[in-house]
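Asks: Here you go, one structure.
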Amino acid sequence: MTDRIVRPVPDPAQVETLGIRLNSPRGVLWQGNIRVSPNQSASYSQNLSQASTEVCPPGTPYDRTERSSISFNVYVQNSGQYGTSYRFDASWARPMLSPDCGESGTRTVQLNQALRLEPGQTSVIEGDAGFRLEVTRPATR
């Protein structure tokens with residue numbers, strides 16, 4: 001008899017697709033479908049660094065750069081008698097420019113919340129600065 005570690009194969013019935021939309025006052029930051037199961041989380045991240053449209057006068061020590069990012073992680077939690085919930089961790093960083101052509105920075109909003117979602121249900125998590133995470137669990141067939 002040989003000992004071997006066998007990776008559990010997820011039951012296809014346990015894999016769920018969730019619709020995710022991240023919104024800001026500027027519009028949709030990201031939208032798409034992700035798959036999760038009790039042993040598999042889903043995550044997404046995007047970073048952007050680019051020259052600013054605000055040009056500093058010649059001779060200033062900095063060129064303006066704008067940095068922004070979005071990221072989220074979703075995983076399934078089984079809370080025993082309370083059933084299944086979905087844990088969402090999301091963040092949005094947006095540029096913060098100095099009015100005097102000084103070094104620019106970012107402002108960040110974070111969300112961290114668990115939701116119970118029934119099949120066919122859509123829920124929204126509201127954050128500061130107009131950041132919103134909308135999640136839809138499709139109806140079962």
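Convention: chains lettered A, B, ... in structure tokens order; per-chain residue numbering from 1; ligands numbered from 1 as shown.
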Contacts of Ser41 (chain A) at 12 Å or less, counting only C-alpha atoms, minus same-chain residues fewer than 6 places along, as number ranges by chain?

Replies: A: 15-18, 34-35, 72-77, 86-89

Asks: Could you state the separation of CA of Gly83 (chain A) and CA of Thr122 (chain A) in Å, given to one decimal place?

Replies: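 Computing the Euclidean distance for CA of Gly83 (chain A) and CA of Thr122 (chain A) yields 17.7 Å.
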
Asks: Choose the residue, out of A:Thr60, A:Ser52, A:Gln121, A:Asn78, that has the smallest atom-to-atom separation from Pro95 (chain A); count only C-alpha atoms.

Replies: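 Going through A:Thr60, A:Ser52, A:Gln121, A:Asn78 one by one, the smallest distance to Pro95 (chain A) is for A:Ser52.
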
Asks: So which bits of region 14-139 of chain A end up strand (DSSP E or B) when you DSSP the backbone, as an MDAnalysis selection string?

Replies: chainID A and resid 16:24 27:37 40 42:51 65:78 84:96 105:115 122:126 132:136
